[in-house]
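Data file: structure.json. Format and content: JSON, C-alpha atoms.
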```json
[["chain", "number", "residue", "atom", "x", "y", "z"],
["A", 1084, "ALA", "CA", 50.39, -17.08, 4.42],
["A", 1085, "LEU", "CA", 50.38, -14.42, 1.73],
["A", 1086, "LEU", "CA", 47.41, -16.07, 0.00],
["A", 1087, "LEU", "CA", 45.49, -16.17, 3.28],
["A", 1088, "ILE", "CA", 46.08, -12.46, 3.80],
["A", 1089, "VAL", "CA", 44.86, -11.62, 0.28],
["A", 1090, "PHE", "CA", 41.72, -13.76, 0.62],
["A", 1091, "SER", "CA", 40.99, -12.34, 4.07],
["A", 1092, "ALA", "CA", 41.25, -8.77, 2.76],
["A", 1093, "SER", "CA", 38.91, -9.62, -0.11],
["A", 1094, "ALA", "CA", 36.37, -11.20, 2.25],
["A", 1095, "TYR", "CA", 36.52, -8.18, 4.56],
["A", 1096, "LYS", "CA", 35.83, -5.80, 1.66],
["A", 1097, "ARG", "CA", 32.89, -7.93, 0.46],
["A", 1098, "ASN", "CA", 31.43, -8.11, 3.98],
["A", 1099, "ALA", "CA", 31.64, -4.32, 4.30],
["A", 1100, "VAL", "CA", 29.62, -3.96, 1.12],
["A", 1101, "TRP", "CA", 27.00, -6.41, 2.35],
["A", 1102, "GLN", "CA", 26.57, -4.68, 5.71],
["A", 1103, "SER", "CA", 23.60, -2.68, 4.44],
["A", 1104, "ASP", "CA", 21.17, -2.80, 1.54],
["A", 1105, "LEU", "CA", 22.22, 0.75, 0.67],
["A", 1106, "SER", "CA", 25.86, -0.27, 0.29],
["A", 1107, "LEU", "CA", 24.97, -3.51, -1.47],
["A", 1108, "TRP", "CA", 22.72, -2.03, -4.17],
["A", 1109, "GLY", "CA", 24.91, 1.05, -4.53],
["A", 1110, "ASP", "CA", 27.80, -1.28, -5.30],
["A", 1111, "VAL", "CA", 25.70, -3.20, -7.85],
["A", 1112, "VAL", "CA", 24.57, 0.03, -9.55],
["A", 1113, "ARG", "CA", 28.18, 1.23, -9.85],
["A", 1114, "LYS", "CA", 29.29, -2.08, -11.35],
["A", 1115, "SER", "CA", 26.17, -2.67, -13.50],
["A", 1116, "PRO", "CA", 24.62, 0.71, -14.37],
["A", 1117, "GLY", "CA", 22.21, -0.96, -16.81],
["A", 1118, "ASN", "CA", 20.65, -3.16, -14.14],
["A", 1119, "ALA", "CA", 17.07, -1.90, -13.60],
["A", 1120, "ARG", "CA", 16.47, -4.16, -10.60],
["A", 1121, "ALA", "CA", 19.54, -2.75, -8.83],
["A", 1122, "HIS", "CA", 18.36, 0.84, -9.37],
["A", 1123, "ASN", "CA", 14.88, -0.07, -8.12],
["A", 1124, "ASN", "CA", 16.25, -1.78, -5.02],
["A", 1125, "LEU", "CA", 18.62, 1.09, -4.29],
["A", 1126, "GLY", "CA", 15.66, 3.44, -4.57],
["A", 1127, "TYR", "CA", 13.77, 1.32, -2.07],
["A", 1128, "ALA", "CA", 16.74, 1.39, 0.32],
["A", 1129, "TYR", "CA", 16.61, 5.20, 0.21],
["A", 1130, "TYR", "CA", 12.82, 5.14, 0.60],
["A", 1131, "LEU", "CA", 13.14, 3.10, 3.80],
["A", 1132, "ARG", "CA", 15.48, 5.78, 5.14],
["A", 1133, "ASP", "CA", 12.90, 8.48, 4.27],
["A", 1134, "ARG", "CA", 15.19, 9.95, 1.62],
["A", 1135, "ILE", "CA", 12.28, 10.14, -0.79],
["A", 1136, "TYR", "CA", 13.65, 12.34, -3.57],
["A", 1137, "ARG", "CA", 16.80, 10.24, -3.70],
["A", 1138, "ALA", "CA", 14.55, 7.16, -3.97],
["A", 1139, "ILE", "CA", 12.62, 8.81, -6.83],
["A", 1140, "GLU", "CA", 15.91, 9.44, -8.63],
["A", 1141, "TYR", "CA", 16.80, 5.74, -8.66],
["A", 1142, "TYR", "CA", 13.27, 4.54, -9.44],
["A", 1143, "GLY", "CA", 13.35, 6.92, -12.40],
["A", 1144, "ALA", "CA", 16.66, 5.41, -13.52],
["A", 1145, "ALA", "CA", 15.13, 1.93, -13.32],
["A", 1146, "LEU", "CA", 12.23, 3.09, -15.52],
["A", 1147, "ARG", "CA", 14.55, 4.62, -18.09],
["A", 1148, "ILE", "CA", 16.14, 1.20, -18.42],
["A", 1149, "GLU", "CA", 12.85, -0.76, -18.25],
["A", 1150, "PRO", "CA", 9.94, 1.62, -19.00],
["A", 1151, "ASP", "CA", 7.29, -1.06, -18.35],
["A", 1152, "ASN", "CA", 8.66, -2.32, -15.02],
["A", 1153, "PRO", "CA", 5.54, -2.55, -12.81],
["A", 1154, "GLU", "CA", 7.46, -2.73, -9.54],
["A", 1155, "ALA", "CA", 9.41, 0.45, -10.29],
["A", 1156, "HIS", "CA", 6.22, 2.23, -11.38],
["A", 1157, "TYR", "CA", 4.50, 1.19, -8.15],
["A", 1158, "ASN", "CA", 7.47, 2.20, -6.00],
["A", 1159, "ILE", "CA", 7.87, 5.63, -7.57],
["A", 1160, "GLY", "CA", 4.10, 6.11, -7.21],
["A", 1161, "LEU", "CA", 4.40, 5.33, -3.52],
["A", 1162, "ALA", "CA", 7.25, 7.83, -3.17],
["A", 1163, "TYR", "CA", 5.32, 10.56, -4.99],
["A", 1164, "GLU", "CA", 2.25, 9.88, -2.85],
["A", 1165, "LYS", "CA", 4.33, 10.21, 0.31],
["A", 1166, "LYS", "CA", 5.37, 13.66, -0.87],
["A", 1167, "GLY", "CA", 1.74, 14.60, -1.56],
["A", 1168, "LEU", "CA", 2.19, 14.49, -5.35],
["A", 1169, "THR", "CA", -0.93, 12.41, -5.89],
["A", 1170, "GLY", "CA", -1.28, 13.24, -9.59],
["A", 1171, "LEU", "CA", 2.13, 11.73, -10.35],
["A", 1172, "ALA", "CA", 1.42, 8.84, -7.98],
["A", 1173, "GLU", "CA", -1.84, 8.07, -9.79],
["A", 1174, "GLU", "CA", -0.07, 8.15, -13.16],
["A", 1175, "HIS", "CA", 2.54, 5.61, -12.05],
["A", 1176, "TYR", "CA", 0.07, 3.30, -10.27],
["A", 1177, "LEU", "CA", -1.95, 3.15, -13.50],
["A", 1178, "SER", "CA", 1.23, 2.43, -15.48],
["A", 1179, "ALA", "CA", 2.07, -0.39, -13.07],
["A", 1180, "LEU", "CA", -1.40, -1.89, -13.55],
["A", 1181, "ARG", "CA", -1.14, -1.75, -17.34],
["A", 1182, "THR", "CA", 1.70, -4.26, -17.08],
["A", 1183, "ASP", "CA", 0.51, -6.16, -13.99],
["A", 1184, "HIS", "CA", -3.25, -5.84, -13.53],
["A", 1185, "GLY", "CA", -3.13, -7.99, -10.39],
["A", 1186, "LEU", "CA", -0.91, -5.58, -8.44],
["A", 1187, "MET", "CA", -3.19, -5.38, -5.41],
["A", 1188, "ASP", "CA", -1.40, -2.57, -3.57],
["A", 1189, "ALA", "CA", -1.63, -0.31, -6.63],
["A", 1190, "HIS", "CA", -5.40, -0.85, -6.75],
["A", 1191, "THR", "CA", -5.65, -0.12, -3.02],
["A", 1192, "ASN", "CA", -3.60, 3.07, -3.24],
["A", 1193, "LEU", "CA", -5.52, 4.29, -6.28],
["A", 1194, "GLY", "CA", -8.73, 3.70, -4.33],
["A", 1195, "GLY", "CA", -7.38, 5.89, -1.54],
["A", 1196, "ILE", "CA", -6.39, 8.67, -3.94],
["A", 1197, "TYR", "CA", -9.81, 8.63, -5.61],
["A", 1198, "MET", "CA", -11.61, 8.68, -2.26],
["A", 1199, "GLU", "CA", -9.61, 11.77, -1.23],
["A", 1200, "LYS", "CA", -10.47, 13.44, -4.55],
["A", 1201, "GLY", "CA", -14.17, 12.65, -4.13],
["A", 1202, "LEU", "CA", -14.11, 10.26, -7.10],
["A", 1203, "HIS", "CA", -15.96, 7.62, -5.14],
["A", 1204, "SER", "CA", -17.20, 5.53, -8.07],
["A", 1205, "LYS", "CA", -13.63, 5.17, -9.38],
["A", 1206, "ALA", "CA", -12.42, 4.23, -5.90],
["A", 1207, "LEU", "CA", -15.20, 1.64, -5.69],
["A", 1208, "GLU", "CA", -14.02, -0.15, -8.83],
["A", 1209, "HIS", "CA", -10.48, -0.55, -7.49],
["A", 1210, "TYR", "CA", -11.61, -1.64, -4.03],
["A", 1211, "LYS", "CA", -13.97, -4.22, -5.57],
["A", 1212, "LEU", "CA", -11.02, -5.73, -7.44],
["A", 1213, "VAL", "CA", -8.98, -5.91, -4.23],
["A", 1214, "VAL", "CA", -11.79, -7.73, -2.38],
["A", 1215, "ARG", "CA", -11.99, -10.24, -5.24],
["A", 1216, "MET", "CA", -8.26, -10.84, -4.88],
["A", 1217, "VAL", "CA", -8.26, -11.09, -1.07],
["A", 1218, "PRO", "CA", -11.81, -11.74, 0.18],
["A", 1219, "GLY", "CA", -10.40, -12.67, 3.58],
["A", 1220, "SER", "CA", -8.89, -9.22, 4.20],
["A", 1221, "ALA", "CA", -10.71, -7.12, 6.80],
["A", 1222, "VAL", "CA", -9.01, -3.94, 5.55],
["A", 1223, "ALA", "CA", -10.08, -4.60, 1.95],
["A", 1224, "ASN", "CA", -13.69, -5.07, 3.07],
["A", 1225, "ILE", "CA", -13.59, -1.90, 5.19],
["A", 1226, "ASN", "CA", -12.28, 0.11, 2.24],
["A", 1227, "LEU", "CA", -15.00, -1.26, -0.01],
["A", 1228, "GLY", "CA", -17.63, -0.61, 2.66],
["A", 1229, "ASN", "CA", -16.49, 3.01, 2.96],
["A", 1230, "ALA", "CA", -16.65, 3.44, -0.81],
["A", 1231, "TYR", "CA", -20.19, 2.06, -0.97],
["A", 1232, "ALA", "CA", -21.27, 4.29, 1.95],
["A", 1233, "SER", "CA", -19.79, 7.35, 0.24],
["A", 1234, "ILE", "CA", -22.19, 6.91, -2.72],
["A", 1235, "GLY", "CA", -25.21, 6.07, -0.57],
["A", 1236, "ARG", "CA", -25.24, 2.32, -1.19],
["A", 1237, "TYR", "CA", -25.67, 1.49, 2.47],
["A", 1238, "LYS", "CA", -26.86, -2.11, 2.12],
["A", 1239, "GLU", "CA", -23.64, -3.06, 0.32],
["A", 1240, "ALA", "CA", -21.62, -1.04, 2.85],
["A", 1241, "ILE", "CA", -23.27, -2.93, 5.71],
["A", 1242, "ARG", "CA", -22.50, -6.27, 4.07],
["A", 1243, "HIS", "CA", -18.79, -5.46, 3.80],
["A", 1244, "PHE", "CA", -18.50, -3.92, 7.26],
["A", 1245, "ARG", "CA", -20.13, -7.05, 8.70],
["A", 1246, "LYS", "CA", -17.67, -9.20, 6.75],
["A", 1247, "ALA", "CA", -14.77, -7.12, 8.10],
["A", 1248, "ILE", "CA", -16.06, -7.66, 11.65],
["A", 1249, "GLU", "CA", -16.23, -11.43, 11.05],
["A", 1250, "LEU", "CA", -12.57, -11.28, 10.05],
["A", 1251, "ASN", "CA", -11.53, -8.89, 12.84],
["A", 1252, "PRO", "CA", -14.14, -8.60, 15.61],
["A", 1253, "TYR", "CA", -12.11, -6.17, 17.74],
["A", 1254, "SER", "CA", -12.09, -3.00, 15.63],
["A", 1255, "ALA", "CA", -14.02, -0.12, 17.21],
["A", 1256, "THR", "CA", -13.73, 1.87, 13.99],
["A", 1257, "THR", "CA", -15.41, -0.85, 11.93],
["A", 1258, "TYR", "CA", -18.30, -1.12, 14.41],
["A", 1259, "ASN", "CA", -18.65, 2.66, 14.26],
["A", 1260, "ASN", "CA", -18.70, 2.62, 10.44],
["A", 1261, "LEU", "CA", -21.27, -0.18, 10.52],
["A", 1262, "ALA", "CA", -23.43, 1.80, 12.96],
["A", 1263, "ASN", "CA", -23.35, 4.85, 10.67],
["A", 1264, "ALA", "CA", -24.32, 2.72, 7.68],
["A", 1265, "TYR", "CA", -27.21, 1.15, 9.63],
["A", 1266, "TYR", "CA", -28.40, 4.60, 10.72],
["A", 1267, "MET", "CA", -28.26, 6.02, 7.19],
["A", 1268, "ASN", "CA", -30.16, 2.94, 5.98],
["A", 1269, "GLY", "CA", -32.92, 3.59, 8.51],
["A", 1270, "GLN", "CA", -32.01, 0.65, 10.79],
["A", 1271, "VAL", "CA", -31.89, 2.65, 14.01],
["A", 1272, "GLU", "CA", -31.94, -0.28, 16.48],
["A", 1273, "GLU", "CA", -29.08, -2.02, 14.68],
["A", 1274, "ALA", "CA", -27.19, 1.27, 14.59],
["A", 1275, "GLU", "CA", -27.56, 1.65, 18.36],
["A", 1276, "LYS", "CA", -26.28, -1.88, 18.97],
["A", 1277, "SER", "CA", -23.26, -1.29, 16.77],
["A", 1278, "PHE", "CA", -22.48, 2.07, 18.43],
["A", 1279, "LYS", "CA", -22.54, 0.34, 21.82],
["A", 1280, "ARG", "CA", -20.28, -2.39, 20.50],
["A", 1281, "ALA", "CA", -17.90, 0.25, 19.15],
["A", 1282, "LEU", "CA", -17.69, 1.82, 22.61],
["A", 1283, "GLN", "CA", -17.00, -1.60, 24.18],
["A", 1284, "MET", "CA", -14.19, -2.26, 21.70],
["A", 1285, "GLN", "CA", -12.77, 1.21, 22.33],
["A", 1286, "ARG", "CA", -12.61, 0.52, 26.08],
["A", 1287, "MET", "CA", -11.08, -2.92, 25.52],
["A", 1288, "ASN", "CA", -8.39, -1.58, 23.20],
["A", 1289, "ARG", "CA", -7.20, 1.17, 25.56]]
```
What's the structure tokens form of this structure?
Amino acid sequence: ALLLIVFSASAYKRNAVWQSDLSLWGDVVRKSPGNARAHNNLGYAYYLRDRIYRAIEYYGAALRIEPDNPEAHYNIGLAYEKKGLTGLAEEHYLSALRTDHGLMDAHTNLGGIYMEKGLHSKALEHYKLVVRMVPGSAVANINLGNAYASIGRYKEAIRHFRKAIELNPYSATTYNNLANAYYMNGQVEEAEKSFKRALQMQRMNR
């Protein structure tokens, strides 16, 4: 009976720790302070709770243990970007890509940062890589289309907006972007058709 009581108490304590990712990874960090993965995961648990600076603290700890950890670099970049610190976010996304060049989300987020800064050619290069990785992604094609349109390459923009519509034919925004690209390319009739289609999709999606 005594053994059963001891084992039951131990199981109860373990279950309490496992009740949340915050408790779980906090427990691992306390017991294994040199575990980079635990610090990274604890940071992510705080990030999910919108405790961003606390998340940054643990991502930073993970990087002190493993300076080339691409996941921790990406995660801390995401946290910095959420706080509007795009310079630091860019730095960490680039660090993540130096170790893992195929980290698609880092390319996508860098593209977004460069578009906001008006560095459209740099954004284009990252979005092109993403489309090569996931050619069947409507969002990736829209991003690339927007980047092409921003530098006046409307034919390429049209091609990617049309591809995005093939993949997701119900987006009013994509039809609107396509219409603008047609108009800027001098294809007025096609622009009018796409504007009308955008309005139809807008009504359908209400």
ask   = atom CA of A:Gly1167 and atom CA of A:His1243 are how many Å apart?
value = 29.2 Å
Starting from 3 Å padding per side, set up an axis-aligned box that covers all listed atoms of stretch 1237-1243 of chain A and hand over centre and edge lengths in Å, one decimal, as JSON.
```
{"center_x": -22.8, "center_y": -2.4, "center_z": 3.0, "size_x": 14.1, "size_y": 13.8, "size_z": 11.4}
```
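Among the candidates A:Tyr1129, A:Met1216, A:Asn1224, A:Gly1117, the residue lying nearest to A:Glu1249 is A:Asn1224 (atoms considered: all atoms listed in the file).
The gap separating atom CA of A:Tyr1231 from atom CA of A:Arg1280 is 21.9 Å, in Å to one decimal.
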key: All residues 10 Å or closer to A:Ile1241, all atoms listed in the file, same chain fewer than 2 positions away omitted, as a PyMOL selection string   = chain A and resi 1225+1228-1229+1231-1232+1236-1239+1243-1247+1260-1265+1268
key: Close residues, A:Ala1119 itself excluded, 10 Å, only C-alpha atoms, min 4 positions apart in chain, as a list in words   =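 The residues satisfying every condition are Val1112, Ser1115, Asn1123, Asn1124, Leu1125, Tyr1141, Tyr1142, Gly1143, Ala1144, Ala1145, Leu1146, Arg1147, Ile1148, Glu1149, Pro1150, Asn1152 and Ala1155 of chain A.
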inquiry  = What does the structure give for the distance between atom CA of A:Arg1215 and atom CA of A:Glu1173, in Å to one decimal?
reply    =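 A separation of 21.4 Å between them.
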For stretch 1187-1204 of chain A: contacts at 8 Å, all atoms listed in the file, fewer than 3 positions along chain excluded, given as a PyMOL selection string = chain A and resi 1157+1169+1173+1176-1177+1179-1180+1207-1210+1212-1213+1216+1230+1233-1234
message = Excluding stretch 1102-1111 of chain A and its own-chain neighbours fewer than 2 positions away, which residues fall within 12 Å of it when counting all atoms listed in the file? Please give them as a count of residues only.
response = 30
How would stretch 1118-1129 of chain A read, as a compact mmCIF listing (two decimals), in the frame of the given file, once all heavy atoms are built in?
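Full text of out.txt as output:
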```
# COMPACT_ATOMS: atom_id res chain seq x y z
N ASN A 1118 21.47 -2.20 -14.88
CA ASN A 1118 20.65 -3.16 -14.14
C ASN A 1118 19.45 -2.43 -13.50
O ASN A 1118 19.60 -1.74 -12.50
CB ASN A 1118 21.52 -3.84 -13.06
CG ASN A 1118 20.80 -4.96 -12.34
OD1 ASN A 1118 19.59 -4.91 -12.14
ND2 ASN A 1118 21.54 -5.97 -11.93
N ALA A 1119 18.27 -2.61 -14.09
CA ALA A 1119 17.07 -1.90 -13.60
C ALA A 1119 16.70 -2.35 -12.19
O ALA A 1119 16.30 -1.53 -11.36
CB ALA A 1119 15.90 -2.14 -14.55
N ARG A 1120 16.82 -3.64 -11.92
CA ARG A 1120 16.47 -4.16 -10.60
C ARG A 1120 17.35 -3.53 -9.52
O ARG A 1120 16.87 -3.19 -8.44
CB ARG A 1120 16.63 -5.68 -10.58
CG ARG A 1120 16.35 -6.32 -9.23
CD ARG A 1120 16.29 -7.84 -9.36
NE ARG A 1120 16.23 -8.48 -8.05
CZ ARG A 1120 17.26 -8.98 -7.40
NH1 ARG A 1120 18.48 -8.91 -7.95
NH2 ARG A 1120 17.12 -9.55 -6.24
N ALA A 1121 18.63 -3.35 -9.81
CA ALA A 1121 19.54 -2.75 -8.83
C ALA A 1121 19.14 -1.31 -8.54
O ALA A 1121 19.12 -0.87 -7.38
CB ALA A 1121 20.97 -2.82 -9.34
N HIS A 1122 18.80 -0.55 -9.58
CA HIS A 1122 18.36 0.84 -9.37
C HIS A 1122 17.07 0.88 -8.54
O HIS A 1122 16.93 1.71 -7.64
CB HIS A 1122 18.14 1.54 -10.72
CG HIS A 1122 19.39 1.99 -11.38
ND1 HIS A 1122 20.11 1.18 -12.24
CD2 HIS A 1122 20.08 3.15 -11.31
CE1 HIS A 1122 21.16 1.83 -12.68
NE2 HIS A 1122 21.18 3.03 -12.13
N ASN A 1123 16.14 -0.02 -8.86
CA ASN A 1123 14.88 -0.07 -8.12
C ASN A 1123 15.12 -0.39 -6.65
O ASN A 1123 14.56 0.24 -5.75
CB ASN A 1123 13.96 -1.11 -8.76
CG ASN A 1123 12.61 -1.16 -8.09
OD1 ASN A 1123 11.87 -0.18 -8.08
ND2 ASN A 1123 12.26 -2.29 -7.52
N ASN A 1124 15.98 -1.38 -6.40
CA ASN A 1124 16.25 -1.78 -5.02
C ASN A 1124 17.02 -0.71 -4.25
O ASN A 1124 16.80 -0.51 -3.05
CB ASN A 1124 17.02 -3.10 -5.00
CG ASN A 1124 16.15 -4.28 -5.40
OD1 ASN A 1124 14.94 -4.16 -5.54
ND2 ASN A 1124 16.77 -5.44 -5.61
N LEU A 1125 17.90 -0.01 -4.94
CA LEU A 1125 18.62 1.09 -4.29
C LEU A 1125 17.63 2.22 -3.95
O LEU A 1125 17.70 2.81 -2.87
CB LEU A 1125 19.74 1.61 -5.18
CG LEU A 1125 20.62 2.72 -4.61
CD1 LEU A 1125 21.21 2.33 -3.26
CD2 LEU A 1125 21.73 3.09 -5.59
N GLY A 1126 16.71 2.46 -4.86
CA GLY A 1126 15.66 3.44 -4.57
C GLY A 1126 14.87 3.06 -3.34
O GLY A 1126 14.57 3.91 -2.49
N TYR A 1127 14.54 1.77 -3.23
CA TYR A 1127 13.77 1.32 -2.07
C TYR A 1127 14.57 1.46 -0.78
O TYR A 1127 14.02 1.80 0.27
CB TYR A 1127 13.34 -0.13 -2.27
CG TYR A 1127 12.39 -0.63 -1.21
CD1 TYR A 1127 11.14 -0.04 -1.04
CD2 TYR A 1127 12.75 -1.68 -0.37
CE1 TYR A 1127 10.27 -0.48 -0.05
CE2 TYR A 1127 11.87 -2.13 0.62
CZ TYR A 1127 10.65 -1.53 0.77
OH TYR A 1127 9.78 -1.96 1.74
N ALA A 1128 15.88 1.21 -0.85
CA ALA A 1128 16.74 1.39 0.32
C ALA A 1128 16.70 2.84 0.79
O ALA A 1128 16.63 3.12 2.00
CB ALA A 1128 18.17 0.96 0.00
N TYR A 1129 16.73 3.79 -0.16
CA TYR A 1129 16.61 5.20 0.21
C TYR A 1129 15.21 5.52 0.74
O TYR A 1129 15.06 6.30 1.68
CB TYR A 1129 16.93 6.09 -0.99
CG TYR A 1129 18.42 6.30 -1.22
CD1 TYR A 1129 19.05 5.80 -2.36
CD2 TYR A 1129 19.19 6.99 -0.29
CE1 TYR A 1129 20.42 5.98 -2.56
CE2 TYR A 1129 20.55 7.18 -0.48
CZ TYR A 1129 21.16 6.67 -1.62
OH TYR A 1129 22.50 6.86 -1.80
```
